Structure formats: C-alpha cells, structure tokens
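Student: I'd like to ask some things about the structure below.
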Amino acid sequence: MVKKIFTCLTIVLLYINSYSQNKNASLSGFVYDSSTGEGLIGANVYLKGINLGASTNLSGYYVIPNITPGKYELIVSYVGYKTFSKEIVFQSDEKKRLDIKLEPTEIVSEEIVVSADSISLVDKLFNKPVSKIEITPIQISKVPQVVESDLLRTLQSLPGILPVSDFSSAIYVRGGTPDQNLFLVDGTDVYNPQHAFGLFSTFNTDAIKKVEVYKGGFGAEYGGRLSSVINIINNDGNRNNFEGKASLSLLSFNTTLQMPIGKIGSLSGSLRRTYLDQTVAKFIDDIPDYYFLDGNFKAFFDLNNSNKLSISFYGGIDDLNYIFDKDRSQSFGFNYKWGNQTGSINWRSVITPKLFGNFWFTASGFFSEFVFNEAEFEERNRIEDFTLKGALEYFYNESFSFKFGLEWKNVNGGLKEELPGGKVDVTKHPKLYSAYFSSNWKPNVLWDIEAGIRGDYLESDKNYSSIDPRLTIKYRLSEKSNLKLSTGIVHQYAHQIPRVFMVSIWTASDKYVKGSSALHSIIGYQRQIQENITLELETYYKKYNNIYSYNYNMHVDVENVGYTEEGKPIYGSTKGIFNSGNGKSYGIELLIRKDAGAITGWFAYSLARTEFTIENINNGKPFNPRHDRTHAINIVTNFDLNNIINEIKGKPFINSDKKWTAGLSFTYFSGQPITLPSSVYLFNSAPDWEYGLPSISLYPSSINQYRLPYYARLDFNLNYEIHYKGWSLTPYLQIFNLLNRKNVWFIRYEEEIKGGIIKIKTDNVSMFPILPSIGVSIKF
C-alpha cells in the first residue's frame with residue numbers, strides 16, 4: 001500500500017512540475033533573528049499592495065511564487081521585531097533568493113510588548129491551522145508555576161487541555177487520555193514526558209525555541225495519536241555570540257549555554273538537576289530519596305545557502321529510592337529508575353526555490369526499572385524506536401502548495417517481570433510504514449482549503465492498515481472575523497497501561513489489541529476584537545473506536561504461554577490486559593487573548609463532556625472517566641509594572657534597567673467524577689471460623705456517578721529584573737495555591753466495628769497546599 005501511495009505522489013509531483021513553467025518570477029529565502037542567527041518560525045513575508053505573500057515554515061524558510069515582473073515593496077514582520085521593508089524589482093522568469101535578518105525591537109519589555117505589525121491579527125488567525133495554539137518560552141515563563149517554568153502546566157491553562165490532579169503534569173486533551181498525545185522534540189517521539197510527582201516536565205523551557213500545539217484537526221503529516229500533537233522545536237544556538245542563562249530555585253539548578261561554531265553554525269546545551277535527595281530528604285523521614293537529571297544538546301550547521309544540518313540529543317533519568325522506615329536498619333524499601341533518551345539528525349534542503357525538503361533519522365528510548373527485593377519482584381520496561389522520515393513542501397503558485405512524505409518506524413521493546421508466582425515476558429518488534437499527501441488551495445482571498453490523506457501499515461504478529469482522510473476549510477466572514485471547519489480520521493497503534501504509582505507501560509497493537517481510531521469534527525469562529533485582542537471560539541465532536549482501559553482483573557483473564565525450568569508460568573501475550581470499548585467527547589471552547597501591551601494574558605473557558613463505553617466496566621453502560629470536567633476556567637494575566645500607568649494613559653513606555661513584572665493565574669474546574677460505595681458488609685475469611693476478626697468490604701455504586709467538590713486555585717509570581725552591562729539578574733518569587741485552598745484529591749474511608757455495628761468515617765485527602773518558592777536566574 002505504501003509503495004502505491006509513493007508512486008501516486010511521484011506522478012502528482014511530475015504533473016505539477018510540468019505545469020509550473022511560466023515567465024513569472026519567484027522570491028525565496030530564510031528569515032533570521034539578527035542577534036542570534038536563529039531561523040524565525042511563522043514570520044510574515046509579503047509584497048505590499050498586491051496581497052501576495054507567505055509565512056516562514058518550521059525552518060524559517062519562505063517562498064513567494066508566481067510574481068508578475070515589476071517593482072514591489074517587500075514587507076517582513078514578526079512579533080517582537082522591527083518590521084523590515086525593501087524595494088525589489090523582479091525580472092521575467094527570475095528566481096530571486098533573499099535571506100532577511102530581523103532586529104529585535106528596542107522597546108522596553110520586548111518579551112511582552114509587540115511593535116506595530118504590518119499584518120493584521122485577523123490575518124494571522126486566518127493563516128493559523130484549526131485548533132492550533134503557539135506558545136513561546138517567554139509566554140511559558142510568565143505563567144506562575146510550582147517551582148519553575150513548565151510547558152505542560154502552561155498548556156493546562158489553555159481551553160480543552162486539562163490535568164487530573166496537582167501531582168501529575170500529564171495532559172488530557174479534549175477528553176483524550178495522555179497516551180493519545182504525540183510529543184515530538186526536534187522531530188523525535190517522546191514516550192514519557194513527565195518527571196515524578198508532577199513538579200517538573202521533561203521539557204526544559206530554556207532550551208525551547210517554539211511550541212506548536214494541535215488539539216485536533218491536524219494535517220495529514222501527523223499521525224499515530226488520537227487526540228493531539230505537541231511539536232517542540234529546540235534552540236539552534238546563537239550563531240553570533242556566546243550567551244548563557246543559569247537559574248537556581250529551592251529544588252533545582254538549571255543552566256543553558258549557546259555559542260557559535262566559527263562561521264558555520266552554533267551549539268546549544270542545557271543541564272538541569274534537582275537536589276531534593278541532597279537536602280530535604282536527609283532531614284525529613286517522609287521525603288523519599290529522589291532526584292532527576294536531564295540535559296539537551298543541539299548542534300546546527302550551515303552547510304551552504306541551501307542546506308542546513310542539525311544534530312539534537314536529549315537524555316534524562318529519574319532515580320527514586322524509598323525506605324519505609326529510615327530509623328530501622330533492616331527496614332525494607334525499593335529502587336525505581338526511569339528515563340528517556342532521544343536523538344535526531346535533521347537535514348533541511350532547498351532543493352529548488354519552490355521545493356523544500358526536511359529529512360530525519362531519529363532514535364528514541366524509554367526505560368523503567370523497578371526492584372523490590374523483599375517481595376522478590378523486579379520489573380523492566382524498555383522501548384527503542386528508530387525512525388526514518390522525509391517531508392517535502394512544494395510551492396506551485398500563490399494558490400497551490402503541496403506536502404508529501406514517507407515514514408518508516410522500527411520499534412523494539414516490551415515488559416519483563418520476575419514474580420514469586422511466575423514470569424512476564426512480553427517483547428515485541430512492530431514496524432510502522434506511513435505515507436501522506438496534502439494539498440492547499442486558495443482560490444481567492446476569502447477561501448483556504450486543505451485536503452489530505454494519510455496511509456499507515458503496521459507489521460506485527462497481526463498486520464493492520466488504515467487510510468485517514470483530512471479536510472480543513474477556512475472562510476473570511478468579514479475584515480474582522482473568520483470561520484473554519486475541519487474533519488478527519490486518525491489512527492493509533494501504540495497503547496499505554498496506566499499505573500497509579502509507577503510510570504505507564506507502552507505496548508503495540510497485535511492480534512489481541514486492535515488499532516484505535518477517532519473521528520474529529522470541528523467548527524471554529526475567530527474575531528479580532530481590538531487592535532491587540534483576539535477571540536477564538538471552537539466547538540468539536542470526537543468519536544473513538546477501539547479505545548482501551550486497563551483490566552484490573554487481568555490476573556483472572558490472562559493466559560500463560562509456557563513454563564520456566566522451575567515450573568513457574570510464563571505470561572507472554574497481551575491477551576486479557578485490556579478491556580476495549582468506544583467513546584465520545586464534545587464541547588465548546590472560548591479563548592480571549594491579548595499578547596501585546598503592559599497587561600497581557602488570556603481568558604479560557606471550556607464546556608465539555610466525555611463518555612466511555614467499555615466492556616466489563618459499569619455493566620457495559622456509558623460512564624464519565626475520571627478526567628471528565630464539565631466546566632473549566634483559566635485566567636492568566638501578566639503585568640509590566642513599570643508601564644501599566646503609561647498604557648492606561650496612552651503614554652510611551654519607559655525603558656528602565658530595573659523592571660518589575662508580576663503574574664496571576666486563576667484556575668477553576670468543576671468536580672471530577674468519583675465512584676462512591678453503595679453498601680458495606682462483613683465477612684469472615686473462613687466460613688467455619690467462630691472467632692477472629694471479620695473483614696469489611698465496600699460495594700461500589702455505579703461507576704463515577706458522583707462528583708467531587710469543585711477545584712479552584714490562585715497562583716502568583718513576582719520578578720525583579722536588573723540589567724547590568726552585558727548581563728542581567730532576576731530574583732523571583734512564586735506562590736502556588738496562594739489562598740491555600742484544600743482541593744480534594746480523593747476520599748479515604750476508615751471503618752470501625754462496635755457492638756456488631758459498622759461505622760464508616762470519611763476523610764478528604766487534599767492536593768498541594770500553599771507552596772511558596774524563591775529563586776534567581778542570571779543571563780549573560
């Protein structure tokens with residue numbers, strides 16, 4: 001099937017190329033940051049007066065094809081940079097190359113104040129894909145967090161993206177589960193994007209260049225997950241000067257360095273470590289001996305004007321040692337380690353002025369090791385993912401562009417456990433072949449239509465294939481508003497076994513576990529309210545097929561495949577591990593956003609509902625999963641305290657070497673579903689025992705029929721940035737849960753028997769209390 005799709009793509013390309021010969025000119029090139037040499041993603045490049053232009057891609061490359069010969073004024077604009085303009089004369093059939101360097105604005109608070117832009121906000125909204133949100137490191141750093149800037153917790157403040165508790169940074173996107181999110185770092189899959197206890201995510205904000213979040217409606221170039229794509233592009237490095245940043249907080253140390261490699265490229269690297277194990281854990285018995293260490297490295301090379309090469313690496317490890325009673329020398333405990341390693345080699349090439357190529361070789365590894373010697377229990381879970389992929393973009397003319405690509409993924413790994421009663425050895429070697437093609441047609445300034453198709457073929461002990469069509473339509477309602485529609489099918493062949501304490505286990509589809517699929521349907525409305533305020537409203541419906549839930553009665557249903565030499569059973573298949581079913585999610589999301597001025601931020605509201613129907617759960621009747629939230633409100637506000645009064649009075653902003661900034665973040669969620677007991681009963685462990693203590697059992701009511709109290713939290717941060725010659729110092733204060741609200745995590749039941757009467761007491765177990773944190777960061 002993949003060969004047929006590739007043949008079709010080749011024919012289409014040759015057909016397009018045969019009609020691309022004309023006498024009109026074209027303009028192409030890269031747009032860079034003049035201070036660092038970084039390519040700028042999403043910069044607007046257009047010819048003034050004729051409504052002809054383009055936006056730079058993920059490499060900072062742009063193409064304006066089919067330009068009628070003549071003289072034009074070229075305008076290049078980007079948020080936070082001075083607008084570039086230049087008169088250009090095009091000759092007949094001329095293929096002009098122009099690389100552009102934009103200068104950052106010298107307006108105070110350039111991180112949050114945007115210079116006058118030459119393209120309207122409503123045009124930017126129109127160009128943006130459906131359900132896509134872009135986040136910069138500066139915006140992430142402005143959102144109050146538990147300890148330090150955190151990408152995943154920032155995403156949780158956006159509509160349609162929810163957490164399940166304070167103790168997890170995992171995200172649930174439009175009713176989907178965490179394993180339905182595709183995380184990409186420089187083109188590489190990341191399988192476990194969380195560190196322990198939910199305080200930190202895998203992604204170091206200081207190493208990030210840009211984040212693209214697709215909550216649905218993503219194009220044919222993305223596949224393999226049902227709910228979302230989080231595409232993270234790390235910094236290439238400063239090609240002009242050496243620069244660095246170091247941050248120290250109560251729990252962690254973080255440093256990032258960038259430097260040029262002569263005139264041919266740049267290096268960027270970051271390192272982060274927590275030191276809970278060296279401080280608090282040595283003095284407080286209840287705190288486990290835990291730390292994590294992670295780091296990023298990226299090298300970028302300018303091979304020539306048309307070819308760029310980057311090498312990227314990430315490595316991280318979590319190490320948890322827990323002793324149940326530190327005062328006893330013979331007390332038992334366990335050791336638990338897990339981590340990710342990713343690497344990629346990316347070659348970007350301007351094959352012709354109209355044809356841009358992106359080619360990757362990526363490797364991703366995940367491992368977890370759990371050893372509990374006293375219980376004679378060992379567990380090892382490993383994944384090794386090697387991928388080759390290529391993506392081509394062809395810009396035919398101002399009305400037509402095309403994308404096509406191929407991907408080959410080879411995955412090895414599985415789960416091994418040594419148990420007192422047996423052995424688990426589920427090892428798999430699936431291969432996934434993918435191909436896609438999409439076309440973008442702009443018949444006039446009012447319409448933008450993108451249609452695509454993706455084909456997947458999984459080679460395992462049972463083979464699966466799928467064809468996924470995608471369609472997006474955009475229409476300009478007026479000079480201030482847009483309407484968007486999107487629909488498409490997505491498939492997923494990787495599945496996760498969730499656990500309460502330990503990290504989840506990944507497995508692939510086989511003869512017992514089919515591939516999952518989802519149908520996305522989205523309608524969106526966008527409006528520019530004021531010069532720098534936008535409104536986005538989306539409603540969606542998502543239908544799932546063959547989704548899976550962990551079977552907690554697995555020990556009853558699982559079948560062994562043989563026996564060890566000692567006569568212990570060996571469990572080597574996924575039969576009985578999951579319960580399968582279907583589901584649906586639907587809702588309405590509102591986002592009002594202001595990205596410019598002394599007061600910036602967003603207001604987000606979601607009204608949503610998720611229902612699953614899964615065999616052997618709730619008697620096969622629909623139920624709301626734990627992550628279902630009917631209402632969600634997030635308000636994020638950032639203040640440039642030096643210039644608030646100036647903005648209100650309409651005065652110019654002041655430029656000061658000492659700058660105060662503050663941030664507030666308010667979160668409200670309606671209560672999570674919970675299963676309550678419907679009855680309590682006594683039973684003896686043996687029917688003939690006349691004496692002895694009876695046992696108490698709670699019989700559950702219908703699954704998740706009740707709701708916990710609502711969740712509410714207010715966070716605060718304060719920064720004081722002091723600029724010196726060549727470097728700056730920023731002490732900061734962050735307070736998580738400023739009002740110390742006791743948000744309920746779960747309900748604990750305690751029972752006692754007096755005179756044959758059972759009395760049940762309930763106790764609400766709360767999430768994080770007020771958590772103040774101080775730190776300092778240095779830029780040089």
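In the structure tokens, the first chain shown is A, the next is B, and so on; residue numbers restart at 1 for each chain, and ligands run from 1 in the order shown.
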With only C-alpha atoms as the counted atoms, please give the residues lying no more than 6 Å from A:Gly775, apart from itself and same-chain residues fewer than 5 positions off, as a list in words.

Tutor: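 Returned residues: Leu248, Ser249, Pro731 and Tyr732 of chain A.
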
Student: Please produce, as CSV, a per-residue contact table for stretch 210-259 of chain A versus stretch 60-64 of chain A (criterion: any atom at most 12 Å away, only C-alpha atoms considered), showing the nearest atom pair and its distance in Å to one decimal, sorted by chain then residue number.

Tutor:
```
residue,atom,partner,partner_atom,distance
A:Lys210,CA,A:Gly60,CA,11.9
A:Ile233,CA,A:Gly60,CA,11.9
A:Asp236,CA,A:Gly60,CA,11.8
```

Student: Skipping near chain neighbours, those fewer than 3 positions away, what residues fall within 12 Å of A:Gly576 using only C-alpha atoms, listed as an mmCIF file with C-alpha atoms, in the first residue's frame?

Tutor:
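Written file, out-v6.cif:
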```cif
data_model
loop_
_atom_site.group_PDB
_atom_site.id
_atom_site.type_symbol
_atom_site.label_atom_id
_atom_site.label_comp_id
_atom_site.auth_asym_id
_atom_site.auth_seq_id
_atom_site.Cartn_x
_atom_site.Cartn_y
_atom_site.Cartn_z
ATOM 1 C CA LYS A 511 -3.689 -9.957 17.380
ATOM 2 C CA TYR A 512 -5.319 -9.279 20.768
ATOM 3 C CA VAL A 513 -5.240 -5.452 20.705
ATOM 4 C CA TYR A 548 -8.660 0.566 25.818
ATOM 5 C CA SER A 549 -8.781 0.542 29.594
ATOM 6 C CA TYR A 550 -6.528 -1.471 31.884
ATOM 7 C CA ASN A 551 -8.180 -4.690 33.091
ATOM 8 C CA TYR A 552 -7.769 -4.763 36.876
ATOM 9 C CA ASN A 553 -8.946 -8.394 36.809
ATOM 10 C CA MET A 554 -6.094 -9.234 34.473
ATOM 11 C CA HIS A 555 -4.753 -11.925 36.827
ATOM 12 C CA VAL A 556 -8.014 -13.847 36.239
ATOM 13 C CA ASP A 557 -8.182 -13.424 32.453
ATOM 14 C CA VAL A 558 -4.535 -13.607 31.417
ATOM 15 C CA GLU A 559 -3.231 -16.869 29.961
ATOM 16 C CA ASN A 560 0.291 -18.253 30.227
ATOM 17 C CA TYR A 571 2.952 -14.807 30.589
ATOM 18 C CA GLY A 572 3.981 -13.599 27.144
ATOM 19 C CA SER A 573 0.969 -12.040 25.441
ATOM 20 C CA ASN A 579 -10.854 -4.008 28.222
ATOM 21 C CA SER A 580 -11.898 -2.461 24.906
ATOM 22 C CA GLU A 615 -16.701 -3.898 28.273
ATOM 23 C CA ASN A 616 -16.657 -5.236 31.833
#
```

Student: Could you check how far atom CA of A:Gln526 sits from atom CA of A:Lys82, in Å to one decimal?

Tutor: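 Pair atom CA of A:Gln526 / atom CA of A:Lys82 returns 26.4 Å.
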
Student: Near A:Lys48, counting only C-alpha atoms, which residues have an atom at most 7 Å away, once you skip same-chain residues fewer than 2 positions from it, shown as JSON, numbers by chain?

Tutor: {"A": [46, 50, 51, 72, 73, 74, 75]}

Student: Hey, what's within 8 Å of A:His495 if we count only C-alpha atoms and toss same-chain stuff fewer than 5 positions away? As a ChimeraX atom specification, please?

Tutor: /A:179,506-509,548

Student: Figure out the distance between atom CA of A:Phe200 and atom CA of A:Val371, please, to one decimal in Å.

Tutor: 23.8 Å

Student: Taking only stretch 151-372 of chain A into account, list the residues labelled strand (DSSP E or B) by DSSP (computed from the backbone), as a PyMOL selection string.

Tutor: chain A and resi 161-162+172-173+181-185+188-189+194+201+208-214+228-234+243-249+252-261+265-274+289-304+307-323+333-352+355-372

Student: Pick out the residues sitting within 12 Å of A:Tyr475, and hand them over as an mmCIF file with C-alpha atoms, in the first residue's frame; count only C-alpha atoms, and ignore anything fewer than 2 positions along from it in its own chain.

Tutor:
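Result file is result_3.cif:
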```cif
data_model
loop_
_atom_site.group_PDB
_atom_site.id
_atom_site.type_symbol
_atom_site.label_atom_id
_atom_site.label_comp_id
_atom_site.auth_asym_id
_atom_site.auth_seq_id
_atom_site.Cartn_x
_atom_site.Cartn_y
_atom_site.Cartn_z
ATOM 1 C CA VAL A 122 -7.279 38.587 11.927
ATOM 2 C CA ASP A 123 -4.980 37.666 9.016
ATOM 3 C CA LEU A 125 -5.679 33.993 12.827
ATOM 4 C CA PHE A 126 -6.820 33.087 9.327
ATOM 5 C CA ASN A 127 -3.400 31.656 8.429
ATOM 6 C CA VAL A 130 -7.630 24.853 13.072
ATOM 7 C CA LYS A 442 -6.505 29.322 -2.074
ATOM 8 C CA PRO A 443 -8.901 30.193 -4.918
ATOM 9 C CA ASN A 444 -9.138 33.811 -3.702
ATOM 10 C CA VAL A 445 -8.535 35.904 -0.595
ATOM 11 C CA LEU A 446 -11.726 34.611 1.039
ATOM 12 C CA TRP A 447 -11.117 30.865 0.893
ATOM 13 C CA ASP A 448 -8.374 28.499 2.068
ATOM 14 C CA ILE A 449 -8.941 24.750 1.554
ATOM 15 C CA GLU A 450 -6.573 21.984 2.614
ATOM 16 C CA THR A 472 -9.942 21.819 6.510
ATOM 17 C CA ILE A 473 -11.869 24.795 5.101
ATOM 18 C CA LEU A 477 -16.574 36.295 7.031
ATOM 19 C CA SER A 478 -15.504 39.928 7.198
ATOM 20 C CA GLU A 479 -12.469 42.144 7.692
ATOM 21 C CA LYS A 480 -12.505 41.224 11.379
ATOM 22 C CA SER A 481 -13.718 37.605 11.518
ATOM 23 C CA ASN A 482 -13.083 34.116 10.117
ATOM 24 C CA LEU A 483 -14.953 30.816 10.003
ATOM 25 C CA LYS A 484 -13.157 27.448 9.983
ATOM 26 C CA LEU A 485 -14.251 23.834 9.603
ATOM 27 C CA SER A 486 -12.197 20.682 9.913
ATOM 28 C CA ILE A 523 -16.168 24.306 13.731
ATOM 29 C CA GLY A 524 -14.311 27.470 14.693
ATOM 30 C CA TYR A 525 -15.025 31.196 14.737
ATOM 31 C CA GLN A 526 -12.313 33.854 15.134
#
```

Student: Skip stretch 637-640 of chain A itself and residues of its chain fewer than 4 positions away, then list as an MDAnalysis selection string all residues within 6 Å of it, counting only C-alpha atoms.

Tutor: chainID A and resid 598:601 661:664

Student: Compare A:Thr362, A:Asn737, A:Thr352, A:Thr574 by their minimum atom-to-atom distance to A:Val561, counting only C-alpha atoms, and give me the closest one.

Tutor: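 Between A:Thr362, A:Asn737, A:Thr352, A:Thr574, the residue approaching A:Val561 most closely is A:Thr574.
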
Student: Using the chain letters and numbers from this document, which residues of stretch 197-433 of chain A does DSSP assign to helix (DSSP H, G or I), as a list in words?

Tutor: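 These are the residues in question: Phe197, Gly198, Thr205, Asp206, Ala207, Leu276, Asp277, Gln278, Val280, Ala281, Lys282, Asn373, Glu374 and Ala375 of chain A.
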
Student: Give me a file of those residues, with all heavy atoms, as a compact mmCIF listing (two decimals), in the first residue's frame.

Tutor:
```txt
# COMPACT_ATOMS: atom_id res chain seq x y z
N PHE A 197 6.09 13.12 40.55
CA PHE A 197 5.34 13.98 41.45
C PHE A 197 4.69 15.19 40.77
O PHE A 197 4.10 16.04 41.42
CB PHE A 197 6.21 14.48 42.62
CG PHE A 197 6.95 13.38 43.32
CD1 PHE A 197 8.34 13.39 43.37
CD2 PHE A 197 6.28 12.33 43.91
CE1 PHE A 197 9.03 12.38 44.00
CE2 PHE A 197 6.96 11.31 44.55
CZ PHE A 197 8.34 11.33 44.58
N GLY A 198 4.80 15.30 39.44
CA GLY A 198 4.13 16.36 38.73
C GLY A 198 4.73 17.73 38.88
O GLY A 198 4.16 18.73 38.43
N THR A 205 12.32 24.52 29.59
CA THR A 205 11.81 25.70 28.89
C THR A 205 12.93 26.54 28.29
O THR A 205 12.78 27.10 27.20
CB THR A 205 10.98 26.57 29.86
OG1 THR A 205 9.95 25.76 30.43
CG2 THR A 205 10.34 27.73 29.13
N ASP A 206 14.07 26.64 28.97
CA ASP A 206 15.16 27.47 28.48
C ASP A 206 15.77 26.94 27.19
O ASP A 206 16.47 27.67 26.48
CB ASP A 206 16.26 27.59 29.54
CG ASP A 206 15.80 28.38 30.76
OD1 ASP A 206 14.85 29.17 30.61
OD2 ASP A 206 16.38 28.20 31.84
N ALA A 207 15.53 25.67 26.88
CA ALA A 207 16.08 25.08 25.65
C ALA A 207 15.11 25.18 24.48
O ALA A 207 15.48 24.84 23.35
CB ALA A 207 16.45 23.62 25.89
N LEU A 276 16.74 17.46 45.76
CA LEU A 276 15.92 17.06 46.91
C LEU A 276 16.63 15.97 47.72
O LEU A 276 16.55 15.94 48.95
CB LEU A 276 14.57 16.56 46.42
CG LEU A 276 13.45 16.37 47.44
CD1 LEU A 276 12.99 17.70 47.99
CD2 LEU A 276 12.27 15.63 46.81
N ASP A 277 17.32 15.08 47.01
CA ASP A 277 17.99 13.97 47.69
C ASP A 277 19.16 14.42 48.55
O ASP A 277 19.55 13.74 49.50
CB ASP A 277 18.49 12.95 46.66
CG ASP A 277 19.44 13.59 45.65
OD1 ASP A 277 19.15 14.71 45.19
OD2 ASP A 277 20.47 12.96 45.34
N GLN A 278 19.74 15.59 48.22
CA GLN A 278 20.91 16.07 48.95
C GLN A 278 20.54 17.06 50.05
O GLN A 278 21.43 17.45 50.83
CB GLN A 278 21.86 16.76 47.97
CG GLN A 278 22.35 15.88 46.85
CD GLN A 278 23.18 14.70 47.36
OE1 GLN A 278 23.95 14.84 48.31
NE2 GLN A 278 23.00 13.54 46.75
N VAL A 280 16.55 18.16 51.58
CA VAL A 280 15.39 17.89 52.43
C VAL A 280 15.28 16.43 52.82
O VAL A 280 14.96 16.08 53.96
CB VAL A 280 14.09 18.35 51.72
CG1 VAL A 280 12.87 18.10 52.60
CG2 VAL A 280 14.18 19.82 51.34
N ALA A 281 15.57 15.51 51.86
CA ALA A 281 15.40 14.08 52.12
C ALA A 281 16.32 13.57 53.22
O ALA A 281 16.04 12.53 53.83
CB ALA A 281 15.65 13.29 50.83
N LYS A 282 17.43 14.26 53.48
CA LYS A 282 18.35 13.81 54.52
C LYS A 282 17.88 14.16 55.93
O LYS A 282 18.41 13.63 56.92
CB LYS A 282 19.74 14.41 54.26
CG LYS A 282 20.42 13.88 53.01
CD LYS A 282 21.83 14.40 52.88
CE LYS A 282 22.52 13.82 51.66
NZ LYS A 282 22.68 12.36 51.73
N ASN A 373 13.22 -5.99 46.43
CA ASN A 373 13.88 -7.24 46.80
C ASN A 373 13.11 -8.05 47.82
O ASN A 373 13.03 -9.28 47.74
CB ASN A 373 15.29 -6.96 47.32
CG ASN A 373 16.22 -6.48 46.21
OD1 ASN A 373 16.11 -6.93 45.08
ND2 ASN A 373 17.12 -5.57 46.54
N GLU A 374 12.53 -7.38 48.81
CA GLU A 374 11.84 -8.10 49.88
C GLU A 374 10.65 -8.89 49.35
O GLU A 374 10.29 -9.93 49.89
CB GLU A 374 11.38 -7.12 50.97
CG GLU A 374 12.49 -6.64 51.90
CD GLU A 374 13.43 -5.65 51.22
OE1 GLU A 374 13.08 -5.18 50.12
OE2 GLU A 374 14.50 -5.36 51.77
N ALA A 375 10.03 -8.41 48.28
CA ALA A 375 8.89 -9.12 47.70
C ALA A 375 9.30 -9.98 46.51
O ALA A 375 8.45 -10.56 45.84
CB ALA A 375 7.84 -8.12 47.26
```

Student: Nearest to A:Thr256 among A:Asn646, A:Ser35, A:Ser227, A:Asn296, with distances taken over only C-alpha atoms: which residue is it?

Tutor: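 Smallest distance to A:Thr256 is found for A:Asn296.
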
Student: In Å, rounded to a single decimal, give me how far atom CA of A:Gly452 is from atom CA of A:Gly216.

Tutor: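 Atom CA of A:Gly216 sits 14.7 Å away from atom CA of A:Gly452.
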
Student: Rank nothing, just name the residue among A:Ser120, A:Ala391, A:Phe359, A:Asn634 nearest to A:Gln530, using only C-alpha atoms.

Tutor: A:Ser120

Student: Rank nothing, just name the residue among A:Ser349, A:Ser201, A:Ser252, A:Ser266 nearest to A:Gly316, using only C-alpha atoms.

Tutor: A:Ser201
